[in-house]
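final_17.cif (mmCIF, C-alpha atoms and all ligand atoms) appears below.
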```
data_model
#
loop_
_atom_site.label_atom_id
_atom_site.label_comp_id
_atom_site.auth_asym_id
_atom_site.auth_seq_id
_atom_site.Cartn_x
_atom_site.Cartn_y
_atom_site.Cartn_z
CA MET A 1248 -19.29 -35.07 147.09
CA LYS A 1249 -18.60 -36.57 143.62
CA LYS A 1250 -14.97 -36.96 144.60
CA GLY A 1251 -16.09 -38.90 147.69
CA ILE A 1252 -18.16 -41.28 145.54
CA ALA A 1253 -15.25 -41.77 143.15
CA ILE A 1254 -12.91 -42.64 146.04
CA THR A 1255 -15.45 -45.09 147.51
CA LEU A 1256 -15.91 -46.76 144.11
CA ALA A 1257 -12.17 -47.00 143.59
CA MET A 1258 -11.72 -48.57 147.04
CA THR A 1259 -14.54 -51.07 146.46
CA PHE A 1260 -12.92 -52.01 143.16
CA LEU A 1261 -9.58 -52.53 144.88
CA VAL A 1262 -11.11 -54.72 147.60
CA VAL A 1263 -13.05 -56.87 145.10
CA PHE A 1264 -10.13 -57.05 142.69
CA GLY A 1265 -7.76 -57.85 145.58
CA ALA A 1266 -10.02 -60.65 146.85
CA ALA A 1267 -10.33 -62.14 143.34
CA LEU A 1268 -6.59 -61.96 142.90
CA SER A 1269 -5.87 -63.55 146.27
CA ALA A 1270 -8.42 -66.32 145.53
CA GLN A 1271 -6.59 -66.90 142.26
CA SER A 1272 -3.23 -67.19 144.02
CA GLN A 1273 -4.62 -69.75 146.49
CA PRO A 1274 -3.48 -73.30 145.72
CA ARG A 1275 -6.13 -75.69 144.40
CA ILE A 1276 -6.24 -78.94 146.34
CA GLY A 1277 -8.12 -82.14 145.51
CA VAL A 1278 -9.73 -84.03 148.39
CA CYS A 1279 -11.47 -87.43 148.34
CA ILE A 1280 -13.57 -88.78 151.21
CA TYR A 1281 -14.14 -92.55 151.07
CA LYS A 1282 -17.89 -92.10 151.68
CA PHE A 1283 -19.74 -88.85 152.51
CA ALA A 1284 -22.43 -90.88 154.32
CA ASP A 1285 -19.93 -91.91 157.05
CA THR A 1286 -20.81 -89.87 160.15
CA PHE A 1287 -17.29 -89.48 161.53
CA MET A 1288 -15.83 -88.54 158.13
CA SER A 1289 -18.52 -85.91 157.64
CA TYR A 1290 -17.11 -84.03 160.66
CA VAL A 1291 -13.54 -84.38 159.34
CA ARG A 1292 -14.70 -83.02 155.96
CA ASN A 1293 -16.33 -80.10 157.69
CA GLN A 1294 -13.09 -79.22 159.45
CA LEU A 1295 -11.13 -79.42 156.19
CA GLU A 1296 -13.51 -76.84 154.73
CA VAL A 1297 -13.19 -74.58 157.77
CA ALA A 1298 -9.38 -74.82 157.75
CA ALA A 1299 -9.15 -73.92 154.05
CA VAL A 1300 -11.05 -70.62 154.27
CA GLY A 1301 -8.90 -67.78 152.92
CA LYS A 1302 -5.94 -70.10 152.24
CA ALA A 1303 -6.73 -72.66 149.58
CA TRP A 1304 -9.46 -73.72 147.20
CA LEU A 1305 -10.63 -77.28 147.86
CA SER A 1306 -12.48 -79.63 145.54
CA ILE A 1307 -13.95 -82.30 147.84
CA GLN A 1308 -15.30 -85.45 146.16
CA ASP A 1309 -17.43 -88.30 147.53
CA SER A 1310 -15.74 -91.59 146.52
CA GLN A 1311 -18.97 -93.45 147.43
CA TYR A 1312 -17.11 -96.43 148.83
CA ASP A 1313 -15.84 -97.25 145.34
CA GLN A 1314 -12.06 -97.48 144.77
CA PRO A 1315 -12.17 -97.31 140.94
CA MET A 1316 -14.34 -94.19 141.27
CA GLN A 1317 -11.74 -92.68 143.63
CA ASN A 1318 -8.94 -93.47 141.16
CA ASP A 1319 -10.88 -91.58 138.46
CA GLN A 1320 -11.40 -88.64 140.81
CA VAL A 1321 -7.64 -88.44 141.38
CA ASP A 1322 -7.02 -88.53 137.59
CA GLN A 1323 -9.47 -85.68 137.25
CA PHE A 1324 -7.69 -83.66 139.98
CA ILE A 1325 -4.41 -84.13 138.13
CA ALA A 1326 -5.99 -83.11 134.82
CA GLU A 1327 -7.35 -79.98 136.50
CA GLY A 1328 -3.87 -79.02 137.69
CA MET A 1329 -4.37 -79.38 141.46
CA LYS A 1330 -1.29 -78.53 143.51
CA GLY A 1331 -1.87 -81.13 146.22
CA LEU A 1332 -3.99 -84.17 147.06
CA ALA A 1333 -5.59 -85.17 150.38
CA ILE A 1334 -7.02 -88.66 150.08
CA ASN A 1335 -9.11 -90.74 152.48
CA MET A 1336 -8.66 -94.12 150.79
CA VAL A 1337 -11.65 -96.34 150.08
CA ASP A 1338 -9.35 -99.36 150.19
CA PRO A 1339 -5.98 -98.66 151.86
CA SER A 1340 -4.49 -101.73 150.18
CA ALA A 1341 -4.99 -99.99 146.82
CA VAL A 1342 -2.85 -97.01 147.82
CA SER A 1343 -0.06 -97.87 145.38
CA VAL A 1344 -2.26 -96.82 142.47
CA ILE A 1345 -2.83 -93.41 144.06
CA ILE A 1346 0.86 -93.06 144.96
CA ASP A 1347 1.84 -93.79 141.35
CA LYS A 1348 -0.54 -91.14 140.09
CA ALA A 1349 0.76 -88.49 142.53
CA MET A 1350 4.36 -89.46 141.81
CA SER A 1351 3.90 -89.11 138.05
CA ARG A 1352 3.26 -85.35 138.62
CA ASN A 1353 5.46 -84.95 141.71
CA LEU A 1354 2.35 -83.90 143.66
CA PRO A 1355 2.22 -83.90 147.47
CA LEU A 1356 -0.13 -86.58 148.76
CA VAL A 1357 -1.59 -86.51 152.26
CA LEU A 1358 -3.49 -89.66 153.16
CA PHE A 1359 -5.78 -89.55 156.16
CA ASN A 1360 -7.94 -91.72 158.44
CA ARG A 1361 -7.49 -95.05 156.58
CA GLU A 1362 -3.93 -96.06 157.29
CA PRO A 1363 -1.86 -97.50 154.44
CA GLU A 1364 0.98 -99.99 154.89
CA ALA A 1365 4.24 -98.30 155.91
CA SER A 1366 6.01 -100.09 153.03
CA ASP A 1367 3.67 -98.38 150.53
CA MET A 1368 4.19 -95.00 152.16
CA ALA A 1369 7.96 -95.43 152.00
CA ARG A 1370 7.80 -95.56 148.18
CA TYR A 1371 7.17 -91.83 147.85
CA ASP A 1372 8.95 -89.00 149.65
CA LYS A 1373 5.94 -86.71 149.17
CA ALA A 1374 3.44 -89.10 150.81
CA TYR A 1375 2.23 -88.30 154.34
CA TYR A 1376 -0.36 -89.77 156.67
CA VAL A 1377 -2.58 -88.15 159.31
CA GLY A 1378 -4.52 -90.39 161.67
CA ALA A 1379 -4.77 -91.82 165.14
CA LYS A 1380 -3.32 -94.99 166.64
CA ALA A 1381 -6.18 -97.49 166.53
CA GLN A 1382 -4.56 -99.64 169.23
CA GLN A 1383 -4.89 -96.74 171.66
CA SER A 1384 -8.65 -96.37 171.04
CA GLY A 1385 -9.20 -100.11 171.52
CA THR A 1386 -7.24 -100.09 174.76
CA MET A 1387 -9.25 -97.15 176.08
CA GLU A 1388 -12.57 -98.87 175.25
CA GLY A 1389 -11.38 -101.95 177.09
CA GLN A 1390 -10.29 -99.90 180.10
CA ILE A 1391 -13.74 -98.28 180.33
CA VAL A 1392 -15.33 -101.73 180.33
CA ALA A 1393 -12.85 -103.18 182.85
CA GLN A 1394 -13.44 -100.29 185.22
CA TYR A 1395 -17.21 -100.75 184.93
CA TRP A 1396 -17.04 -104.52 185.43
CA LYS A 1397 -14.92 -104.20 188.54
CA THR A 1398 -17.18 -101.65 190.18
CA HIS A 1399 -20.52 -103.23 189.16
CA PRO A 1400 -20.77 -106.84 190.33
CA GLU A 1401 -24.34 -106.99 189.00
CA ALA A 1402 -22.86 -106.74 185.44
CA ASP A 1403 -21.96 -110.43 185.79
CA ARG A 1404 -25.56 -111.52 185.29
CA ASN A 1405 -25.00 -115.27 185.58
CA HIS A 1406 -22.37 -114.91 188.36
CA ASP A 1407 -19.84 -117.10 186.57
CA GLY A 1408 -16.99 -114.59 186.96
CA VAL A 1409 -16.62 -114.38 183.16
CA LEU A 1410 -17.43 -111.29 181.09
CA GLU A 1411 -19.60 -112.42 178.17
CA TYR A 1412 -19.54 -109.96 175.29
CA VAL A 1413 -20.57 -109.26 171.72
CA MET A 1414 -18.42 -107.23 169.29
CA LEU A 1415 -19.67 -105.01 166.47
CA ILE A 1416 -16.83 -104.66 163.97
CA GLY A 1417 -16.33 -101.84 161.42
CA ASP A 1418 -15.12 -102.45 157.89
CA PRO A 1419 -12.93 -105.55 158.48
CA SER A 1420 -10.36 -104.43 155.87
CA ASN A 1421 -9.68 -101.34 157.96
CA THR A 1422 -6.85 -101.08 160.52
CA ASP A 1423 -9.08 -99.18 162.97
CA ALA A 1424 -11.56 -102.06 162.99
CA LYS A 1425 -8.87 -104.71 163.32
CA TYR A 1426 -7.00 -103.09 166.22
CA ARG A 1427 -10.05 -101.84 168.12
CA THR A 1428 -11.48 -105.37 168.10
CA GLU A 1429 -8.22 -106.85 169.32
CA TYR A 1430 -7.02 -104.22 171.81
CA SER A 1431 -10.36 -103.63 173.54
CA VAL A 1432 -10.52 -107.26 174.63
CA ARG A 1433 -6.80 -107.29 175.40
CA ALA A 1434 -7.23 -104.39 177.86
CA VAL A 1435 -10.01 -106.26 179.65
CA THR A 1436 -7.97 -109.43 180.03
CA ALA A 1437 -4.92 -107.34 181.04
CA ALA A 1438 -7.06 -106.08 183.95
CA GLY A 1439 -7.35 -109.70 185.12
CA ILE A 1440 -10.90 -110.31 183.85
CA ARG A 1441 -11.81 -113.55 182.11
CA VAL A 1442 -13.82 -113.08 178.90
CA LEU A 1443 -16.01 -115.13 176.61
CA LYS A 1444 -17.03 -113.96 173.15
CA ILE A 1445 -20.70 -114.72 172.51
CA ALA A 1446 -20.73 -113.30 168.97
CA GLU A 1447 -18.92 -110.90 166.67
CA ASP A 1448 -19.65 -109.59 163.21
CA THR A 1449 -19.15 -106.62 160.96
CA ALA A 1450 -21.76 -103.89 160.74
CA MET A 1451 -19.50 -101.77 158.47
CA TRP A 1452 -19.42 -98.71 160.82
CA ASP A 1453 -23.14 -98.34 160.17
CA ARG A 1454 -25.97 -97.65 162.63
CA PRO A 1455 -28.89 -99.45 160.92
CA LYS A 1456 -26.70 -102.50 160.17
CA ALA A 1457 -25.62 -102.62 163.83
CA GLN A 1458 -29.21 -102.35 164.99
CA GLU A 1459 -30.15 -105.35 162.85
CA LYS A 1460 -27.19 -107.38 164.08
CA MET A 1461 -27.85 -106.56 167.72
CA ALA A 1462 -31.56 -107.37 167.39
CA ALA A 1463 -30.61 -110.79 165.97
CA TRP A 1464 -28.13 -111.42 168.82
CA LEU A 1465 -30.71 -110.44 171.43
CA GLU A 1466 -33.09 -112.90 169.84
CA ALA A 1467 -30.46 -115.67 169.80
CA TYR A 1468 -28.63 -115.07 173.10
CA GLY A 1469 -30.86 -112.74 175.13
CA ARG A 1470 -29.58 -111.99 178.60
CA LYS A 1471 -26.44 -114.09 178.15
CA ILE A 1472 -24.90 -110.92 176.70
CA GLU A 1473 -23.25 -108.83 179.41
CA ILE A 1474 -21.30 -106.19 177.46
CA VAL A 1475 -21.52 -104.70 173.94
CA PHE A 1476 -18.31 -103.50 172.30
CA ALA A 1477 -18.61 -101.47 169.10
CA ASN A 1478 -15.69 -100.29 166.96
CA ASN A 1479 -17.39 -96.89 166.55
CA ASP A 1480 -20.24 -94.82 167.96
CA ASP A 1481 -22.63 -95.21 165.04
CA MET A 1482 -22.63 -98.97 165.63
CA ALA A 1483 -22.89 -98.48 169.42
CA LEU A 1484 -25.93 -96.29 168.81
CA GLY A 1485 -27.41 -98.93 166.47
CA ALA A 1486 -26.99 -101.50 169.26
CA ILE A 1487 -28.69 -99.10 171.69
CA ASP A 1488 -31.60 -98.71 169.23
CA ALA A 1489 -32.06 -102.50 169.25
CA LEU A 1490 -31.69 -102.68 173.04
CA LYS A 1491 -34.30 -99.94 173.52
CA ALA A 1492 -36.70 -101.87 171.28
CA ASP A 1493 -36.12 -104.86 173.55
CA GLY A 1494 -37.06 -102.92 176.69
CA TYR A 1495 -33.56 -101.95 177.86
CA PHE A 1496 -32.76 -98.62 179.54
CA ARG A 1497 -36.15 -98.66 181.29
CA LYS A 1498 -37.14 -99.86 184.74
CA GLY A 1499 -33.60 -100.82 185.69
CA LYS A 1500 -32.96 -103.02 182.62
CA TYR A 1501 -29.46 -102.02 181.54
CA MET A 1502 -26.74 -103.07 179.11
CA PRO A 1503 -23.26 -101.51 179.05
CA VAL A 1504 -22.36 -100.38 175.51
CA VAL A 1505 -19.07 -98.76 174.46
CA GLY A 1506 -18.00 -97.10 171.21
CA VAL A 1507 -15.33 -94.86 169.67
CA ASP A 1508 -15.49 -91.36 168.09
CA ALA A 1509 -17.39 -89.20 170.63
CA THR A 1510 -19.73 -87.88 167.93
CA PRO A 1511 -22.41 -85.42 169.11
CA PRO A 1512 -25.19 -88.11 169.08
CA ALA A 1513 -22.93 -90.39 171.14
CA LEU A 1514 -22.35 -87.63 173.68
CA ASP A 1515 -26.14 -87.18 173.89
CA ALA A 1516 -26.45 -90.92 174.54
CA LEU A 1517 -23.86 -90.62 177.32
CA ASN A 1518 -25.90 -87.79 178.74
CA GLN A 1519 -29.04 -89.95 178.62
CA GLY A 1520 -27.22 -92.82 180.29
CA THR A 1521 -27.61 -95.27 177.40
CA LEU A 1522 -23.96 -95.24 176.26
CA LEU A 1523 -21.46 -96.27 178.94
CA GLY A 1524 -18.45 -94.64 177.31
CA THR A 1525 -16.62 -93.73 174.14
CA VAL A 1526 -13.23 -92.49 172.98
CA LEU A 1527 -12.68 -89.12 171.35
CA ASN A 1528 -11.46 -89.56 167.78
CA ASP A 1529 -10.61 -85.94 167.17
CA THR A 1530 -12.21 -84.78 163.90
CA VAL A 1531 -11.13 -81.17 164.38
CA LYS A 1532 -7.47 -81.99 164.92
CA GLN A 1533 -7.35 -84.65 162.18
CA GLY A 1534 -9.08 -82.38 159.64
CA GLN A 1535 -6.89 -79.43 160.60
CA ALA A 1536 -3.62 -81.40 160.51
CA THR A 1537 -4.52 -82.89 157.12
CA PHE A 1538 -5.18 -79.44 155.72
CA ASP A 1539 -2.05 -77.92 157.29
CA LEU A 1540 0.19 -80.57 155.71
CA VAL A 1541 -1.31 -80.57 152.24
CA TYR A 1542 -1.44 -76.77 152.21
CA ALA A 1543 2.20 -76.32 153.31
CA LEU A 1544 3.40 -78.89 150.76
CA SER A 1545 1.28 -77.46 147.96
CA ILE A 1546 2.94 -74.05 148.33
CA GLY A 1547 6.40 -75.61 148.48
CA ARG A 1548 6.94 -75.38 152.25
CA PRO A 1549 8.01 -78.26 154.51
CA ALA A 1550 5.25 -80.38 156.04
CA TYR A 1551 4.15 -78.77 159.30
CA THR A 1552 1.14 -78.60 161.59
CA PRO A 1553 0.91 -77.09 165.07
CA ILE A 1554 -1.54 -79.90 165.99
CA ALA A 1555 1.05 -82.61 166.71
CA PRO A 1556 4.75 -83.21 166.00
CA MET A 1557 5.85 -84.94 162.82
CA ALA A 1558 6.48 -88.59 163.68
CA ASN A 1559 7.36 -91.97 162.24
CA ALA A 1560 4.98 -94.85 161.51
CA ASP A 1561 5.43 -96.24 165.03
CA GLY A 1562 4.33 -92.99 166.63
CA PHE A 1563 7.70 -91.62 167.74
CA ALA A 1564 8.40 -87.92 167.15
CA ASP A 1565 10.78 -87.42 164.24
CA PRO A 1566 11.18 -84.07 162.48
CA LYS A 1567 11.78 -85.94 159.22
CA GLY A 1568 8.81 -88.27 159.80
CA HIS A 1569 5.90 -88.49 157.40
CA TYR A 1570 3.15 -89.17 159.95
CA VAL A 1571 1.00 -87.05 162.25
CA TRP A 1572 -0.69 -88.95 165.07
CA VAL A 1573 -3.59 -87.31 166.86
CA PRO A 1574 -4.15 -88.71 170.36
CA TYR A 1575 -7.42 -90.31 171.46
CA ILE A 1576 -9.11 -89.37 174.76
CA LYS A 1577 -11.27 -91.59 176.97
CA VAL A 1578 -14.80 -90.17 177.39
CA THR A 1579 -17.14 -91.29 180.15
CA LYS A 1580 -19.91 -89.79 182.26
CA ASP A 1581 -17.19 -88.05 184.29
CA ASN A 1582 -15.89 -85.83 181.47
CA TYR A 1583 -18.27 -86.00 178.45
CA ARG A 1584 -19.57 -82.45 179.01
CA GLU A 1585 -16.13 -81.05 178.11
CA PHE A 1586 -16.58 -82.42 174.60
CA MET A 1587 -20.14 -81.21 173.95
CA LYS A 1588 -20.24 -78.21 171.58
CA LYS A 1589 -21.03 -75.02 173.50
C1 LIG A 1601 -12.81 -94.55 162.01
C2 LIG A 1601 -14.04 -94.03 162.70
C3 LIG A 1601 -15.25 -94.70 162.11
C4 LIG A 1601 -15.26 -94.59 160.61
C5 LIG A 1601 -13.94 -95.04 160.02
C6 LIG A 1601 -13.88 -94.84 158.53
O1 LIG A 1601 -11.67 -93.89 162.50
O2 LIG A 1601 -13.95 -94.33 164.06
O3 LIG A 1601 -16.43 -94.15 162.66
O4 LIG A 1601 -15.47 -93.24 160.28
O5 LIG A 1601 -12.88 -94.34 160.63
O6 LIG A 1601 -12.64 -95.23 158.03
#
```
Any chance you could put this one into structure tokens?
Amino acid sequence: MKKGIAITLAMTFLVVFGAALSAQSQPRIGVCIYKFADTFMSYVRNQLEVAAVGKAWLSIQDSQYDQPMQNDQVDQFIAEGMKGLAINMVDPSAVSVIIDKAMSRNLPLVLFNREPEASDMARYDKAYYVGAKAQQSGTMEGQIVAQYWKTHPEADRNHDGVLEYVMLIGDPSNTDAKYRTEYSVRAVTAAGIRVLKIAEDTAMWDRPKAQEKMAAWLEAYGRKIEIVFANNDDMALGAIDALKADGYFRKGKYMPVVGVDATPPALDALNQGTLLGTVLNDTVKQGQATFDLVYALSIGRPAYTPIAPMANADGFADPKGHYVWVPYIKVTKDNYREFMKK
């Protein structure tokens, strides 16, 4: 009996000691998120945490939309002896500072979501980027709108044959915001539809700011507005909040609104019929690919992820490339259920 207890105790000790030892041998990786309060980034962060379980120890910091604060966080990571860095830039144009810091210690640096200039990336052979091609998401938004316009003649409220729209823009310094604004409209005109911009402004990816903006536009332009484009779902939902307050989505009063991200609240809005469509910006794949790269590099292996092939800045597969591009997917009432969490 006593022998049995001794064996059990010895085994427990081995398991605990083994776990502590393996945790110690896991690489420590420093991660910065440009702003924890950003809805989309909160899902990416979650996936990074899930991916790291049993493999690496992550320190994830909130850069609070403050580039100098992020620079300090990176200094701190270096001082703490992190083996790799995964950074979601506050200001992608400030990436050189971060590259210099990583370079000074020969540390792998995986940038994600906020795309830096290719010329900056080219300065450091241990710099990688994981993201999605913003042009593609804009094009898909535009295609959803074009399809709707062509099959719903009543959408042209004033029967002038011109699609009159408003555009809610994300952070204007961000490539995603720039290209989604441009390519969404481009896809509509490419479908042979004439367009007129009634108003556009930034709402910084933010739901309450978009609600305010949309309420002001409804006040100023009312039913002249025929379509609402938003660079992301949080802003599309903010516009829907303002539209609801103005009596829309009741008794046949409707406004087509499109966004990007396919966040769970946006999928609910699709289900309720308030959001016309969105584009899946894949948080699981982007978080996973970011972790896979920084993990592989931090233990001295080549950059690899099963999520998507290594590619160049233009999106072409290239085994020596330093980019991973996760594809977007169009989401409408025909397929949104596939993306709802079971
Ligand atoms: C975009 C996303 C936005 C916002 C932004 C932050 O890709 O669609 O919702 O999270 O990134 O950079």
Check your understanding: Skipping near chain neighbours, those fewer than 5 positions away, what residues fall within 12 Å of Tyr1395 in chain A using all atoms listed in the file, listed as a VMD selection string?
Key -> chain A and resid 1388 to 1390 1400 to 1403 1410 1435 1438 1440 1473 to 1474 1502 to 1505 1523 to 1524 1579 to 1580
Any chance you could export the current selection's C-alpha atoms as a tab-separated table (two decimals), in the frame of the given file?
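Final output, selection16.tsv:
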```
chain	number	residue	atom	x	y	z
A	1388	GLU	CA	-12.57	-98.87	175.25
A	1389	GLY	CA	-11.38	-101.95	177.09
A	1390	GLN	CA	-10.29	-99.90	180.10
A	1400	PRO	CA	-20.77	-106.84	190.33
A	1401	GLU	CA	-24.34	-106.99	189.00
A	1402	ALA	CA	-22.86	-106.74	185.44
A	1403	ASP	CA	-21.96	-110.43	185.79
A	1410	LEU	CA	-17.43	-111.29	181.09
A	1435	VAL	CA	-10.01	-106.26	179.65
A	1438	ALA	CA	-7.06	-106.08	183.95
A	1440	ILE	CA	-10.90	-110.31	183.85
A	1473	GLU	CA	-23.25	-108.83	179.41
A	1474	ILE	CA	-21.30	-106.19	177.46
A	1502	MET	CA	-26.74	-103.07	179.11
A	1503	PRO	CA	-23.26	-101.51	179.05
A	1504	VAL	CA	-22.36	-100.38	175.51
A	1505	VAL	CA	-19.07	-98.76	174.46
A	1523	LEU	CA	-21.46	-96.27	178.94
A	1524	GLY	CA	-18.45	-94.64	177.31
A	1579	THR	CA	-17.14	-91.29	180.15
A	1580	LYS	CA	-19.91	-89.79	182.26
```
Quick one: contact table of chain A to ligand LIG 1601 (chain A), 10 Å max, nearest atom pair and distance in Å to one decimal per residue, counting only C-alpha atoms and all ligand atoms, chain and number order, as a tab-separated table?
```
residue	atom	partner	partner_atom	distance
A:Ile1280	CA	A:LIG1601	O6	9.4
A:Tyr1281	CA	A:LIG1601	O6	7.6
A:Lys1282	CA	A:LIG1601	C6	8.4
A:Phe1283	CA	A:LIG1601	O4	9.9
A:Ala1284	CA	A:LIG1601	O4	9.5
A:Asp1285	CA	A:LIG1601	O4	5.7
A:Thr1286	CA	A:LIG1601	O4	6.3
A:Phe1287	CA	A:LIG1601	O4	4.4
A:Met1288	CA	A:LIG1601	O4	5.2
A:Ser1289	CA	A:LIG1601	O4	8.4
A:Tyr1290	CA	A:LIG1601	O4	9.4
A:Val1291	CA	A:LIG1601	O4	9.1
A:Asn1335	CA	A:LIG1601	O6	8.0
A:Met1336	CA	A:LIG1601	O6	8.3
A:Val1337	CA	A:LIG1601	O6	8.1
A:Asp1338	CA	A:LIG1601	O6	9.5
A:Pro1339	CA	A:LIG1601	O6	9.7
A:Phe1359	CA	A:LIG1601	O6	9.1
A:Asn1360	CA	A:LIG1601	O6	5.9
A:Arg1361	CA	A:LIG1601	O6	5.4
A:Glu1362	CA	A:LIG1601	O6	8.8
A:Gly1378	CA	A:LIG1601	O1	8.0
A:Ala1379	CA	A:LIG1601	O1	7.7
A:Lys1380	CA	A:LIG1601	O1	9.4
A:Ala1381	CA	A:LIG1601	O1	7.7
A:Ser1384	CA	A:LIG1601	O2	9.0
A:Gly1417	CA	A:LIG1601	C3	7.3
A:Asp1418	CA	A:LIG1601	O6	7.6
A:Ser1420	CA	A:LIG1601	O6	9.7
A:Asn1421	CA	A:LIG1601	O6	6.8
A:Thr1422	CA	A:LIG1601	O6	8.6
A:Asp1423	CA	A:LIG1601	O1	5.9
A:Ala1424	CA	A:LIG1601	C1	7.7
A:Arg1427	CA	A:LIG1601	O2	9.4
A:Met1451	CA	A:LIG1601	C4	8.6
A:Trp1452	CA	A:LIG1601	O3	5.8
A:Asp1453	CA	A:LIG1601	O3	8.3
A:Ala1477	CA	A:LIG1601	O2	9.9
A:Asn1478	CA	A:LIG1601	O2	6.9
A:Asn1479	CA	A:LIG1601	O3	4.9
A:Asp1480	CA	A:LIG1601	O3	6.6
A:Asp1481	CA	A:LIG1601	O3	6.7
A:Met1482	CA	A:LIG1601	O3	8.4
A:Gly1506	CA	A:LIG1601	O2	8.7
A:Val1507	CA	A:LIG1601	O2	5.8
A:Asp1508	CA	A:LIG1601	O2	5.2
A:Ala1509	CA	A:LIG1601	O2	9.0
A:Thr1510	CA	A:LIG1601	O3	8.8
A:Val1526	CA	A:LIG1601	O2	9.1
A:Leu1527	CA	A:LIG1601	O2	9.0
A:Asn1528	CA	A:LIG1601	O2	6.5
A:Asp1529	CA	A:LIG1601	O1	9.3
A:Thr1530	CA	A:LIG1601	O1	9.2
```
Exercise for review: Around the point (-11.5, -83.3, 175.0) in the file's coordinates, collect all residues with an atom within 7 Å, using all atoms listed in the file, and return them as a VMD selection string.
Suggested key: chain A and resid 1527 1576 1585 to 1586
Check your understanding: Of the residues A:Lys1302, A:Arg1292, A:Val1342, A:Val1297, which is the one nearest to Pro1315 in chain A, using all atoms listed in the file?
Key ->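 Closest to Pro1315 in chain A of all the choices is A:Val1342.
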Exercise for review: Kindly indicate which residue among A:Gly1385, A:Pro1355, A:Pro1363, A:Gly1301 lies nearest to Phe1476 in chain A, using all atoms listed in the file for the distances.
Suggested key: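 That would be A:Gly1385, the residue with the smallest distance to Phe1476 in chain A.
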